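Written out below as structure tokens is the structure these notes cover.
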Amino acid sequence: ARGGPGALDLHGDEEIIEVVELGPPGPDDLAEEMEDVDFEDEGAEEPDGEAWESEDDEGVEDGMEAQDDSEVTFSLHSDSVFCVSLDPKTNTLAVTGGEDDKAFVWRVSDGELLFECSGHKDSVTCAGFSHDSVFVATGDMSGLIKVWRVDAKEEVWSFEVGDLEWMEWHPQAHVLLAGTADGNTWMWKIPSGDCKTFQGPACPATCGRILPDGKRAVVGYEDGTMRIWDLKQGTSLHVLKGQDGHQDPLTCVASNQDGSLIMTGSVDCHAKLINSATGKVVCVFKMESVTPKAPISEGEEAESNSVESLGFCNVMPLAAVGYLDGTLAIYDLSTQSLRHKCQHESGIVQLLWEESSAVVYTCSLDGAVRLWDARSGKMISEYRGHSAEILDFAVNKDASIVVTTSGDHQAKVFCVQRPDR
């Protein structure tokens, strides 16, 4: 093995054994190829599994982790890593949260730990820095939210809400917003803790975004409704429900750079474009659902699909929508039409636009990060290194690095500088 303790290598390879067992969902030939490679190369000398431990990375060429394009790997988490954010001011620090009930702040350049955000007793699913990188907030599933002062590495505030769905910092102030399973959206001043709540319907507030003006927030709910809240007054400015709302829970929401347009995505596979001033639906982008070829027999489920992530391009009137079936759709907002469909092998977990170009990044259940040119619809590049699905990622301001988190218990830093700039 390559210098690491045997147990680590064994662990990496166990993931591959699992992939082989999972056969059907992936392409069958991949599983077969992996079996051929792994078992034939070893011959039958060591049926007791010793071979896995001592084997180097040859033989797993087709495995997800054979290729590692990353520059830095952060491996202090001992379970799936759910979320990552970069500090906005310098882009030198990352915060990651995971299923191991832990959150860490670490340096992107070398993966060096700055401090642990300790005290969580449930999976840390939300984490992010304030707009000026002074504070970092971590939130766990059970609703315990903590805020730390980054330079002092110390906790300055904590609060417990109901089960946490999402959390976001205000773009210009030390104000934190969070949505919970009881339908409330909470807003606190940090570190004083002054608090306001915005009461939604009695169902989870599944996603939310503060609009760029810092005065309004858009919140999506499990019953398919969406509300635009006035943060100062605590009142609801617009409500979308019934025909205007979605038929299924909202999964994501985004706004364009000046906040004039909002986009909502839902389990119903629709993405709605909304004028934030009037609260009116401008248009609906529907993905034709793929009809199952064979009639579905009892007990079998239809292929499920949903909108998982969406976002607006800053430099052209384009929006991107990522679907669970692996489709990345690029929509032209001026003509309200589908411009490109970029197909992934497996579901898209999240997408992000580059700040100052028409390049969109996707991360996928197949463990890869991909860059797409939204003008041509062509893939620019692809980065691999995770041995499980990517669960979250962040791109720095000048689009030179991507930080990913994965079900393989690792966070990775990829350099994505492109020769064409």
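If you're wondering about the labels, chains in the structure tokens are A, B, ... by order shown, residues count from 1 in each chain, ligands from 1 in order shown.
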
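Counting only C-alpha atoms, Ile274 of chain A has the following residues at most 10 Å away, ignoring those fewer than 4 positions along the same chain: Leu240, Asp244, Ser255, Ser260, Leu261, Ile262, Met263, Thr264, Thr278, Gly279, Lys280, Val281, Val282, Cys283 and Val284 of chain A.
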
I need the residues from that last selection saved to file as a compact mmCIF listing (two decimals), in the first residue's frame (with all heavy atoms), if you can.
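Everything below was put into out_13.txt:
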```txt
# COMPACT_ATOMS: atom_id res chain seq x y z
N LEU A 240 -47.29 32.49 -3.21
CA LEU A 240 -47.64 31.72 -4.41
C LEU A 240 -48.19 30.39 -3.95
O LEU A 240 -47.48 29.62 -3.28
CB LEU A 240 -46.38 31.47 -5.25
CG LEU A 240 -46.27 32.29 -6.53
CD1 LEU A 240 -46.05 33.74 -6.16
CD2 LEU A 240 -45.13 31.79 -7.37
N ASP A 244 -50.51 28.76 -8.98
CA ASP A 244 -49.27 29.52 -9.10
C ASP A 244 -48.11 28.84 -8.39
O ASP A 244 -46.96 29.01 -8.76
CB ASP A 244 -49.44 30.92 -8.49
CG ASP A 244 -50.36 31.78 -9.34
OD1 ASP A 244 -50.42 31.55 -10.56
OD2 ASP A 244 -51.03 32.67 -8.78
N SER A 255 -32.07 33.56 -6.87
CA SER A 255 -32.44 34.84 -7.48
C SER A 255 -31.32 35.29 -8.40
O SER A 255 -30.18 34.85 -8.26
CB SER A 255 -32.71 35.91 -6.42
OG SER A 255 -31.51 36.55 -6.06
N SER A 260 -34.31 40.85 -9.20
CA SER A 260 -35.59 41.12 -9.86
C SER A 260 -36.31 39.83 -10.23
O SER A 260 -37.53 39.81 -10.33
CB SER A 260 -35.36 41.96 -11.12
OG SER A 260 -34.48 41.29 -12.00
N LEU A 261 -35.54 38.76 -10.41
CA LEU A 261 -36.14 37.48 -10.77
C LEU A 261 -35.80 36.42 -9.74
O LEU A 261 -34.68 36.37 -9.22
CB LEU A 261 -35.62 37.00 -12.13
CG LEU A 261 -36.09 37.77 -13.36
CD1 LEU A 261 -35.33 37.30 -14.60
CD2 LEU A 261 -37.59 37.61 -13.58
N ILE A 262 -36.79 35.56 -9.47
CA ILE A 262 -36.60 34.43 -8.55
C ILE A 262 -36.91 33.17 -9.34
O ILE A 262 -37.75 33.19 -10.24
CB ILE A 262 -37.59 34.54 -7.37
CG1 ILE A 262 -37.24 35.73 -6.49
CG2 ILE A 262 -37.60 33.26 -6.54
CD1 ILE A 262 -38.35 36.08 -5.51
N MET A 263 -36.22 32.11 -9.01
CA MET A 263 -36.56 30.82 -9.62
C MET A 263 -36.77 29.82 -8.51
O MET A 263 -35.99 29.77 -7.54
CB MET A 263 -35.43 30.38 -10.53
CG MET A 263 -35.88 29.50 -11.65
SD MET A 263 -34.56 29.37 -12.86
CE MET A 263 -35.41 28.54 -14.16
N THR A 264 -37.82 29.02 -8.61
CA THR A 264 -38.08 27.98 -7.61
C THR A 264 -38.07 26.62 -8.30
O THR A 264 -38.49 26.50 -9.45
CB THR A 264 -39.46 28.17 -6.96
OG1 THR A 264 -40.47 28.21 -7.99
CG2 THR A 264 -39.52 29.47 -6.17
N THR A 278 -43.60 41.83 -8.30
CA THR A 278 -45.05 41.62 -8.39
C THR A 278 -45.48 40.29 -7.79
O THR A 278 -46.66 40.08 -7.51
CB THR A 278 -45.50 41.62 -9.86
OG1 THR A 278 -44.86 40.50 -10.52
CG2 THR A 278 -45.08 42.90 -10.56
N GLY A 279 -44.52 39.36 -7.62
CA GLY A 279 -44.87 38.04 -7.13
C GLY A 279 -45.57 37.19 -8.17
O GLY A 279 -46.14 36.14 -7.87
N LYS A 280 -45.54 37.62 -9.43
CA LYS A 280 -46.23 36.89 -10.50
C LYS A 280 -45.28 35.91 -11.19
O LYS A 280 -44.10 36.18 -11.38
CB LYS A 280 -46.76 37.87 -11.56
CG LYS A 280 -47.87 38.80 -11.03
CD LYS A 280 -49.23 38.13 -11.14
CE LYS A 280 -50.35 39.06 -10.69
NZ LYS A 280 -50.44 39.16 -9.21
N VAL A 281 -45.85 34.76 -11.60
CA VAL A 281 -45.07 33.77 -12.34
C VAL A 281 -44.88 34.25 -13.78
O VAL A 281 -45.85 34.51 -14.49
CB VAL A 281 -45.77 32.39 -12.34
CG1 VAL A 281 -45.00 31.39 -13.18
CG2 VAL A 281 -45.92 31.89 -10.90
N VAL A 282 -43.62 34.39 -14.20
CA VAL A 282 -43.31 34.85 -15.55
C VAL A 282 -43.41 33.67 -16.52
O VAL A 282 -43.98 33.79 -17.61
CB VAL A 282 -41.88 35.43 -15.60
CG1 VAL A 282 -41.54 35.92 -17.01
CG2 VAL A 282 -41.73 36.57 -14.60
N CYS A 283 -42.83 32.54 -16.16
CA CYS A 283 -42.98 31.34 -16.98
C CYS A 283 -42.63 30.11 -16.17
O CYS A 283 -42.05 30.20 -15.07
CB CYS A 283 -42.14 31.43 -18.26
SG CYS A 283 -40.40 31.26 -17.97
N VAL A 284 -43.01 28.96 -16.70
CA VAL A 284 -42.75 27.69 -16.03
C VAL A 284 -41.94 26.83 -16.98
O VAL A 284 -42.32 26.64 -18.14
CB VAL A 284 -44.06 26.96 -15.67
CG1 VAL A 284 -43.76 25.66 -14.93
CG2 VAL A 284 -44.97 27.86 -14.84
```

Show which residues sit within 10 Å of segment 168-178 of chain A, as JSON, numbers by chain. Count only C-alpha atoms, and ignore same-chain residues fewer than 5 positions away.
{"A": [126, 127, 128, 129, 130, 131, 132, 134, 135, 136, 137, 139, 143, 145, 147, 161, 184, 185, 186, 187, 188, 189, 190, 191, 192, 193, 194, 195, 196, 197, 205, 207, 208, 209, 210, 211, 212, 213, 214, 215, 217, 219, 231]}

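The neighbours of Gly242 of chain A here are the residues that come within 12 Å of it, using only C-alpha atoms and leaving out any residue fewer than 2 positions away in the same chain; they are Asp223, Gly224, Thr225, Met226, Val239, Leu240, Asp244, Gly245, His246, Gln247 and Asp248 of chain A.
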
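Using only C-alpha atoms, the smallest distance between any of A:His270, A:Lys153, A:Asp408, A:Phe414 and Leu113 of chain A comes from A:Lys153.
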
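Residue nearest Leu333 of chain A, chosen from A:Asn305, A:Gly385, A:Glu354, A:Lys272 and counting only C-alpha atoms: A:Lys272.
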
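Residues within 7 Å of Cys313 of chain A, counting only C-alpha atoms and excluding same-chain residues fewer than 6 positions away, are Ala319, Trp353 and Ala358 of chain A.
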
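Minimum distance to Thr251 of chain A across A:Gly97, A:Gly111, A:Gly220, A:Gly234 (counting only C-alpha atoms) occurs at A:Gly220.
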
Please provide the set of residues having any atom within 8 Å of segment 74-79 of chain A, restricted to only C-alpha atoms, with same-chain residues fewer than 2 positions apart removed, written as a list of chain:residue names.
A:Val72, A:Val81, A:Gly98, A:Glu99, A:Asp100, A:Lys102, A:Gly111, A:Glu112, A:Gly407, A:Asp408, A:His409, A:Gln410, A:Ala411, A:Lys412

Would you save the residues from that selection as a tab-separated table (two decimals), in the first residue's frame, using N, CA and C atoms?
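That gives us result.tsv:
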```
chain	number	residue	atom	x	y	z
A	72	VAL	N	-5.78	18.79	-2.60
A	72	VAL	CA	-5.76	18.66	-1.14
A	72	VAL	C	-6.94	17.78	-0.74
A	81	VAL	N	-19.71	13.72	4.57
A	81	VAL	CA	-19.58	15.17	4.77
A	81	VAL	C	-20.68	15.84	3.96
A	98	GLY	N	-20.64	17.32	8.98
A	98	GLY	CA	-20.88	15.96	8.55
A	98	GLY	C	-21.79	15.14	9.44
A	99	GLU	N	-21.99	13.91	8.99
A	99	GLU	CA	-22.86	12.96	9.67
A	99	GLU	C	-22.23	12.47	10.97
A	100	ASP	N	-20.96	12.81	11.17
A	100	ASP	CA	-20.26	12.44	12.41
A	100	ASP	C	-20.53	13.46	13.53
A	102	LYS	N	-19.90	16.53	13.50
A	102	LYS	CA	-18.77	17.44	13.65
A	102	LYS	C	-18.74	18.48	12.54
A	111	GLY	N	-5.23	22.00	3.75
A	111	GLY	CA	-6.09	21.10	4.53
A	111	GLY	C	-5.82	21.15	6.02
A	112	GLU	N	-5.07	22.14	6.46
A	112	GLU	CA	-4.70	22.27	7.88
A	112	GLU	C	-5.92	22.70	8.71
A	407	GLY	N	-19.84	11.47	0.37
A	407	GLY	CA	-20.21	10.33	1.20
A	407	GLY	C	-19.02	9.45	1.54
A	408	ASP	N	-17.84	9.72	0.94
A	408	ASP	CA	-16.65	8.92	1.25
A	408	ASP	C	-15.91	9.45	2.48
A	409	HIS	N	-16.54	10.36	3.24
A	409	HIS	CA	-16.01	10.94	4.48
A	409	HIS	C	-14.94	12.01	4.23
A	410	GLN	N	-14.75	12.40	2.96
A	410	GLN	CA	-13.68	13.35	2.66
A	410	GLN	C	-14.19	14.64	2.06
A	411	ALA	N	-13.39	15.68	2.24
A	411	ALA	CA	-13.57	16.92	1.48
A	411	ALA	C	-12.32	17.06	0.62
A	412	LYS	N	-12.50	17.57	-0.59
A	412	LYS	CA	-11.34	17.70	-1.49
A	412	LYS	C	-11.30	19.08	-2.13
```

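Taking atom CA of Pro88 of chain A and atom CA of Trp148 of chain A as the two end points, the separation is 15.5 Å.
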
Proximity to Arg107 of chain A - best of A:Leu351, A:Val413, A:Gly322, A:Ser337, only C-alpha atoms
A:Val413

Using DSSP on the backbone, list every residue of segment 74-269 of chain A that comes out as strand (DSSP E), and give them as number ranges by chain.
A: 74, 81-86, 93-98, 103-107, 113-116, 124-129, 135-140, 144-149, 154-160, 164-169, 175-180, 184-189, 195-199, 205-210, 216-221, 226-230, 235-240, 250-255, 261-266

Spatial neighbours of Asn91 of chain A, 10 Å, only C-alpha atoms, chain gap at least 6 places, as a ChimeraX atom specification
/A:85,107-109,133,395-398,401
